[in-house]
Amino acid sequence: MRLEDFDNDEEKAIQNKFKRKTWNEIRTNDSWGIFKIMSEFVNGYETMGRIGPCVTIFGSARIKPEDKYYILAEKIAYKISKAGYGVITGGGPGIMEAGNKGAHLGGGTSVGLNIELPFEQHFNPYIDHDKNLNFDYFFVRKVMFVKYSQGFVVMPGGFGTLDEMFEAMTLIQTKKIGKFPIILVGTTFWSGLVEWMKTTLVQGEKTINPEDLDLFKIVDSEDEVVEVLDKFYKKYDLSPNF
């Protein structure tokens, strides 16, 4: 079938992906793609290197301002900023907006690492004007999160939130990066997943070790978040960067 024979944009995009290309077309596209990837890394490193490490807040872009988790994320970010930590989010709406808003109201550093998506994502107005970065590649963006985060605060979210959370756990578990606090907020939201990890991954299939569940903490309030962060860094005689 020809590209124009398909009914919708999604089908056309799939057909276009499978369109036969010459080796020269593939090689040319890949080569220029490398430069684009490099430019995102360079821009990210230079900008984030000036900002310094912060605490990253993850969560759903779909959560509305009146939602209890939006309100809690804003309180957490405010408390974090008052404790001396900067705040990084994915730069978009929902929980990300709440995180940047709390940091902004708390007078702290507010960073947004935005990603170009066909839906949901647009940068929020609470990011510091000189700390709003835009990415085309998820993997470059995730490197920035991990490299410049002193801790992850993981609010309720979807596939993207779970992806970022498990990536951080995997890198710590495999000792590819140093250990830092991973804090899951919302016992009700996370308890089902954690119970599955205990019964299926640890006890049933033995695909992870029992101590791997110590890679994260579950809390329900902004005070508990700051307590976990401060307790961790005091143990290693470290302090916030701001």
# chains A, B, ... in the order shown; residues from 1 in each chain; ligands from 1
call {"tool": "residues_around", "arguments": {"residues": "Phe145 of chain A", "least_positions_apart": "6", "cutoff": "9 Å", "atoms": "only C-alpha atoms", "output": "CSV table (one decimal) with C-alpha atoms, in the first residue's frame"}}
result
chain,number,residue,atom,x,y,z
A,56,THR,CA,14.2,15.6,41.2
A,88,ILE,CA,14.3,19.5,39.0
A,89,THR,CA,11.2,18.3,37.2
A,90,GLY,CA,10.3,17.2,33.7
A,113,LEU,CA,14.0,19.4,31.7
A,152,PHE,CA,14.4,11.3,43.5
A,164,GLU,CA,12.5,6.9,35.4
call {"tool": "residues_around", "arguments": {"residues": "Phe58 of chain A", "least_positions_apart": "4", "cutoff": "7 Å", "atoms": "only C-alpha atoms", "output": "VMD selection string"}}
result
chain A and resid 89 96 153 to 155 161
call {"tool": "select_by_dssp", "arguments": {"residues": "segment 82-162 of chain A", "states": "strand (DSSP E)", "output": "list in words"}}
result
Val87, Ile88, Thr89, Ser110, Val111, Gly112, Leu113, Asn114, Ile115, Asn132, Leu133, Asn134, Phe135, Ser149, Gln150, Gly151, Phe152, Val153 and Val154 of chain A
call {"tool": "write_last_selection", "arguments": {"atoms": "N, CA, C and O atoms", "output": "PDB file, in the first residue's frame"}}
result
ATOM      1  N   VAL A  87      15.217  22.128  42.960  1.00  0.00           N
ATOM      2  CA  VAL A  87      14.227  21.170  42.473  1.00  0.00           C
ATOM      3  C   VAL A  87      14.305  21.062  40.955  1.00  0.00           C
ATOM      4  O   VAL A  87      14.297  22.077  40.243  1.00  0.00           O
ATOM      5  N   ILE A  88      14.363  19.826  40.468  1.00  0.00           N
ATOM      6  CA  ILE A  88      14.296  19.529  39.038  1.00  0.00           C
ATOM      7  C   ILE A  88      13.001  18.774  38.778  1.00  0.00           C
ATOM      8  O   ILE A  88      12.624  17.892  39.549  1.00  0.00           O
ATOM      9  N   THR A  89      12.322  19.111  37.690  1.00  0.00           N
ATOM     10  CA  THR A  89      11.190  18.307  37.232  1.00  0.00           C
ATOM     11  C   THR A  89      11.339  18.084  35.729  1.00  0.00           C
ATOM     12  O   THR A  89      12.256  18.603  35.099  1.00  0.00           O
ATOM     13  N   SER A 110      14.542  26.350  40.507  1.00  0.00           N
ATOM     14  CA  SER A 110      13.466  25.601  39.849  1.00  0.00           C
ATOM     15  C   SER A 110      13.874  25.279  38.423  1.00  0.00           C
ATOM     16  O   SER A 110      13.917  26.161  37.558  1.00  0.00           O
ATOM     17  N   VAL A 111      14.146  24.008  38.163  1.00  0.00           N
ATOM     18  CA  VAL A 111      14.691  23.563  36.876  1.00  0.00           C
ATOM     19  C   VAL A 111      13.666  22.709  36.153  1.00  0.00           C
ATOM     20  O   VAL A 111      12.975  21.888  36.766  1.00  0.00           O
ATOM     21  N   GLY A 112      13.549  22.879  34.834  1.00  0.00           N
ATOM     22  CA  GLY A 112      12.665  22.047  34.022  1.00  0.00           C
ATOM     23  C   GLY A 112      13.408  21.408  32.871  1.00  0.00           C
ATOM     24  O   GLY A 112      14.049  22.100  32.080  1.00  0.00           O
ATOM     25  N   LEU A 113      13.351  20.087  32.780  1.00  0.00           N
ATOM     26  CA  LEU A 113      13.957  19.353  31.664  1.00  0.00           C
ATOM     27  C   LEU A 113      12.814  18.854  30.782  1.00  0.00           C
ATOM     28  O   LEU A 113      12.280  17.764  30.974  1.00  0.00           O
ATOM     29  N   ASN A 114      12.448  19.674  29.827  1.00  0.00           N
ATOM     30  CA  ASN A 114      11.262  19.426  29.020  1.00  0.00           C
ATOM     31  C   ASN A 114      11.569  18.470  27.866  1.00  0.00           C
ATOM     32  O   ASN A 114      12.694  18.405  27.378  1.00  0.00           O
ATOM     33  N   ILE A 115      10.543  17.723  27.432  1.00  0.00           N
ATOM     34  CA  ILE A 115      10.707  16.794  26.323  1.00  0.00           C
ATOM     35  C   ILE A 115       9.632  17.075  25.281  1.00  0.00           C
ATOM     36  O   ILE A 115       8.485  17.372  25.620  1.00  0.00           O
ATOM     37  N   ASN A 132      15.367  26.325  31.849  1.00  0.00           N
ATOM     38  CA  ASN A 132      14.374  25.560  31.106  1.00  0.00           C
ATOM     39  C   ASN A 132      15.045  24.925  29.896  1.00  0.00           C
ATOM     40  O   ASN A 132      15.346  25.601  28.909  1.00  0.00           O
ATOM     41  N   LEU A 133      15.306  23.627  29.964  1.00  0.00           N
ATOM     42  CA  LEU A 133      15.988  22.913  28.881  1.00  0.00           C
ATOM     43  C   LEU A 133      14.990  22.074  28.107  1.00  0.00           C
ATOM     44  O   LEU A 133      14.061  21.506  28.685  1.00  0.00           O
ATOM     45  N   ASN A 134      15.186  21.982  26.803  1.00  0.00           N
ATOM     46  CA  ASN A 134      14.316  21.187  25.945  1.00  0.00           C
ATOM     47  C   ASN A 134      15.101  20.053  25.293  1.00  0.00           C
ATOM     48  O   ASN A 134      16.224  20.253  24.823  1.00  0.00           O
ATOM     49  N   PHE A 135      14.491  18.862  25.273  1.00  0.00           N
ATOM     50  CA  PHE A 135      15.140  17.673  24.728  1.00  0.00           C
ATOM     51  C   PHE A 135      14.227  16.993  23.709  1.00  0.00           C
ATOM     52  O   PHE A 135      13.000  17.024  23.827  1.00  0.00           O
ATOM     53  N   SER A 149      21.012  14.755  40.151  1.00  0.00           N
ATOM     54  CA  SER A 149      20.018  14.614  41.213  1.00  0.00           C
ATOM     55  C   SER A 149      20.657  14.096  42.494  1.00  0.00           C
ATOM     56  O   SER A 149      21.390  13.109  42.471  1.00  0.00           O
ATOM     57  N   GLN A 150      20.352  14.751  43.599  1.00  0.00           N
ATOM     58  CA  GLN A 150      20.754  14.273  44.916  1.00  0.00           C
ATOM     59  C   GLN A 150      19.717  13.335  45.502  1.00  0.00           C
ATOM     60  O   GLN A 150      19.940  12.711  46.530  1.00  0.00           O
ATOM     61  N   GLY A 151      18.575  13.255  44.864  1.00  0.00           N
ATOM     62  CA  GLY A 151      17.522  12.371  45.321  1.00  0.00           C
ATOM     63  C   GLY A 151      16.364  12.414  44.358  1.00  0.00           C
ATOM     64  O   GLY A 151      16.190  13.386  43.614  1.00  0.00           O
ATOM     65  N   PHE A 152      15.570  11.338  44.333  1.00  0.00           N
ATOM     66  CA  PHE A 152      14.359  11.272  43.517  1.00  0.00           C
ATOM     67  C   PHE A 152      13.144  11.211  44.432  1.00  0.00           C
ATOM     68  O   PHE A 152      13.074  10.362  45.320  1.00  0.00           O
ATOM     69  N   VAL A 153      12.200  12.122  44.215  1.00  0.00           N
ATOM     70  CA  VAL A 153      10.903  12.065  44.876  1.00  0.00           C
ATOM     71  C   VAL A 153       9.906  11.631  43.805  1.00  0.00           C
ATOM     72  O   VAL A 153       9.683  12.355  42.836  1.00  0.00           O
ATOM     73  N   VAL A 154       9.324  10.440  43.979  1.00  0.00           N
ATOM     74  CA  VAL A 154       8.490   9.853  42.934  1.00  0.00           C
ATOM     75  C   VAL A 154       7.035   9.895  43.374  1.00  0.00           C
ATOM     76  O   VAL A 154       6.605   9.151  44.258  1.00  0.00           O
TER      77      VAL A 154
END
call {"tool": "atom_distance", "arguments": {"atom1": "atom CA of Lys217 of chain A", "atom2": "atom CA of Ala83 of chain A"}}
result
19.1 Å
call {"tool": "atom_distance", "arguments": {"atom1": "atom CA of Gly157 of chain A", "atom2": "atom CA of Asp220 of chain A"}}
result
15.2 Å
call {"tool": "closest_atom_pairs", "arguments": {"of": "segment 53-97 of chain A", "to": "segment 166-185 of chain A", "cutoff": "10 Å", "atoms": "only C-alpha atoms", "output": "tab-separated table"}}
result
residue	atom	partner	partner_atom	distance
A:Val55	CA	A:Pro181	CA	9.4
A:Thr56	CA	A:Ile182	CA	9.7
A:Ile57	CA	A:Ile183	CA	9.5
A:Phe58	CA	A:Leu184	CA	9.6
A:Gly59	CA	A:Val185	CA	9.8
A:Tyr69	CA	A:Val185	CA	8.9
A:Leu72	CA	A:Val185	CA	9.1
A:Ala73	CA	A:Val185	CA	8.9
A:Ile76	CA	A:Val185	CA	9.8
call {"tool": "write_last_selection", "arguments": {"atoms": "N, CA, C and O atoms", "output": "CSV table (one decimal), in the first residue's frame"}}
result
chain,number,residue,atom,x,y,z
A,55,VAL,N,17.2,18.0,43.8
A,55,VAL,CA,16.3,16.9,44.1
A,55,VAL,C,15.3,16.9,42.9
A,55,VAL,O,14.7,17.9,42.6
A,56,THR,N,15.1,15.7,42.3
A,56,THR,CA,14.2,15.6,41.2
A,56,THR,C,12.8,15.1,41.7
A,56,THR,O,12.7,14.2,42.5
A,57,ILE,N,11.7,15.7,41.2
A,57,ILE,CA,10.4,15.3,41.5
A,57,ILE,C,9.8,14.8,40.2
A,57,ILE,O,9.7,15.5,39.2
A,58,PHE,N,9.4,13.5,40.2
A,58,PHE,CA,8.7,12.8,39.1
A,58,PHE,C,7.2,12.7,39.4
A,58,PHE,O,6.8,12.6,40.6
A,59,GLY,N,6.4,12.6,38.4
A,59,GLY,CA,5.0,12.3,38.5
A,59,GLY,C,4.2,12.6,37.3
A,59,GLY,O,4.8,13.1,36.3
A,69,TYR,N,-2.6,15.0,45.1
A,69,TYR,CA,-1.2,14.7,44.8
A,69,TYR,C,-0.5,15.9,44.2
A,69,TYR,O,0.7,16.2,44.5
A,72,LEU,N,0.1,18.1,47.3
A,72,LEU,CA,1.2,17.5,48.1
A,72,LEU,C,2.5,17.7,47.4
A,72,LEU,O,3.5,18.0,48.1
A,73,ALA,N,2.6,17.5,46.1
A,73,ALA,CA,3.9,17.8,45.4
A,73,ALA,C,4.3,19.2,45.5
A,73,ALA,O,5.5,19.5,45.7
A,76,ILE,N,5.7,19.6,49.0
A,76,ILE,CA,7.0,18.9,49.1
A,76,ILE,C,8.1,19.7,48.5
A,76,ILE,O,9.2,19.9,49.1
call {"tool": "closest_residue", "arguments": {"among": "A:His122, A:Lys68, A:Ala61, A:Val228", "to": "Ile95 of chain A", "atoms": "only C-alpha atoms"}}
result
A:Ala61
call {"tool": "closest_atom_pairs", "arguments": {"of": "segment 125-238 of chain A", "to": "segment 77-81 of chain A", "cutoff": "8 Å", "atoms": "only C-alpha atoms", "output": "tab-separated table"}}
result
residue	atom	partner	partner_atom	distance
A:Glu222	CA	A:Lys79	CA	6.7
A:Asp223	CA	A:Lys79	CA	7.5
A:Val226	CA	A:Ile80	CA	6.2
call {"tool": "residues_around", "arguments": {"residues": "Asn124 of chain A", "least_positions_apart": "4", "cutoff": "8 Å", "atoms": "only C-alpha atoms", "output": "PyMOL selection string"}}
result
chain A and resi 91-93+97+100
call {"tool": "closest_residue", "arguments": {"among": "A:Ile208, A:Met144, A:Leu193, A:Val225", "to": "Thr47 of chain A", "atoms": "only C-alpha atoms"}}
result
A:Met144
call {"tool": "closest_residue", "arguments": {"among": "A:Asn29, A:Val219, A:Glu66, A:Gly49", "to": "Ser191 of chain A", "atoms": "only C-alpha atoms"}}
result
A:Val219
call {"tool": "atom_distance", "arguments": {"atom1": "atom CA of Asp67 of chain A", "atom2": "atom CA of Trp190 of chain A"}}
result
16.9 Å
call {"tool": "residues_around", "arguments": {"residues": "Val140 of chain A", "least_positions_apart": "3", "cutoff": "10 Å", "atoms": "only C-alpha atoms", "output": "ChimeraX atom specification"}}
result
/A:37-38,40-41,44,135-137,143-145
call {"tool": "write_last_selection", "arguments": {"atoms": "N, CA, C and O atoms", "output": "PDB file, in the first residue's frame"}}
result
ATOM      1  N   ILE A  37      22.322  14.407  18.942  1.00  0.00           N
ATOM      2  CA  ILE A  37      22.444  13.822  20.272  1.00  0.00           C
ATOM      3  C   ILE A  37      23.572  14.488  21.049  1.00  0.00           C
ATOM      4  O   ILE A  37      23.415  14.855  22.222  1.00  0.00           O
ATOM      5  N   MET A  38      24.710  14.674  20.388  1.00  0.00           N
ATOM      6  CA  MET A  38      25.859  15.324  21.036  1.00  0.00           C
ATOM      7  C   MET A  38      25.513  16.735  21.487  1.00  0.00           C
ATOM      8  O   MET A  38      25.888  17.161  22.592  1.00  0.00           O
ATOM      9  N   GLU A  40      22.627  17.911  22.375  1.00  0.00           N
ATOM     10  CA  GLU A  40      21.770  17.880  23.555  1.00  0.00           C
ATOM     11  C   GLU A  40      22.580  17.559  24.810  1.00  0.00           C
ATOM     12  O   GLU A  40      22.348  18.132  25.879  1.00  0.00           O
ATOM     13  N   PHE A  41      23.538  16.648  24.695  1.00  0.00           N
ATOM     14  CA  PHE A  41      24.398  16.340  25.839  1.00  0.00           C
ATOM     15  C   PHE A  41      25.236  17.558  26.242  1.00  0.00           C
ATOM     16  O   PHE A  41      25.342  17.895  27.427  1.00  0.00           O
ATOM     17  N   GLY A  44      23.058  20.238  27.787  1.00  0.00           N
ATOM     18  CA  GLY A  44      22.607  19.786  29.100  1.00  0.00           C
ATOM     19  C   GLY A  44      23.704  19.841  30.138  1.00  0.00           C
ATOM     20  O   GLY A  44      23.504  20.348  31.255  1.00  0.00           O
ATOM     21  N   PHE A 135      14.491  18.862  25.273  1.00  0.00           N
ATOM     22  CA  PHE A 135      15.140  17.673  24.728  1.00  0.00           C
ATOM     23  C   PHE A 135      14.227  16.993  23.709  1.00  0.00           C
ATOM     24  O   PHE A 135      13.000  17.024  23.827  1.00  0.00           O
ATOM     25  N   ASP A 136      14.853  16.379  22.714  1.00  0.00           N
ATOM     26  CA  ASP A 136      14.138  15.509  21.785  1.00  0.00           C
ATOM     27  C   ASP A 136      14.277  14.050  22.196  1.00  0.00           C
ATOM     28  O   ASP A 136      13.440  13.217  21.854  1.00  0.00           O
ATOM     29  N   TYR A 137      15.357  13.720  22.906  1.00  0.00           N
ATOM     30  CA  TYR A 137      15.690  12.326  23.214  1.00  0.00           C
ATOM     31  C   TYR A 137      15.464  12.035  24.694  1.00  0.00           C
ATOM     32  O   TYR A 137      16.045  12.681  25.564  1.00  0.00           O
ATOM     33  N   VAL A 143      19.692  10.945  31.455  1.00  0.00           N
ATOM     34  CA  VAL A 143      21.068  11.107  31.951  1.00  0.00           C
ATOM     35  C   VAL A 143      21.171  12.362  32.810  1.00  0.00           C
ATOM     36  O   VAL A 143      21.819  12.366  33.859  1.00  0.00           O
ATOM     37  N   MET A 144      20.529  13.445  32.382  1.00  0.00           N
ATOM     38  CA  MET A 144      20.578  14.696  33.145  1.00  0.00           C
ATOM     39  C   MET A 144      19.909  14.531  34.513  1.00  0.00           C
ATOM     40  O   MET A 144      20.417  15.017  35.522  1.00  0.00           O
ATOM     41  N   PHE A 145      18.786  13.843  34.542  1.00  0.00           N
ATOM     42  CA  PHE A 145      18.109  13.588  35.809  1.00  0.00           C
ATOM     43  C   PHE A 145      19.030  12.857  36.784  1.00  0.00           C
ATOM     44  O   PHE A 145      19.170  13.235  37.941  1.00  0.00           O
TER      45      PHE A 145
END
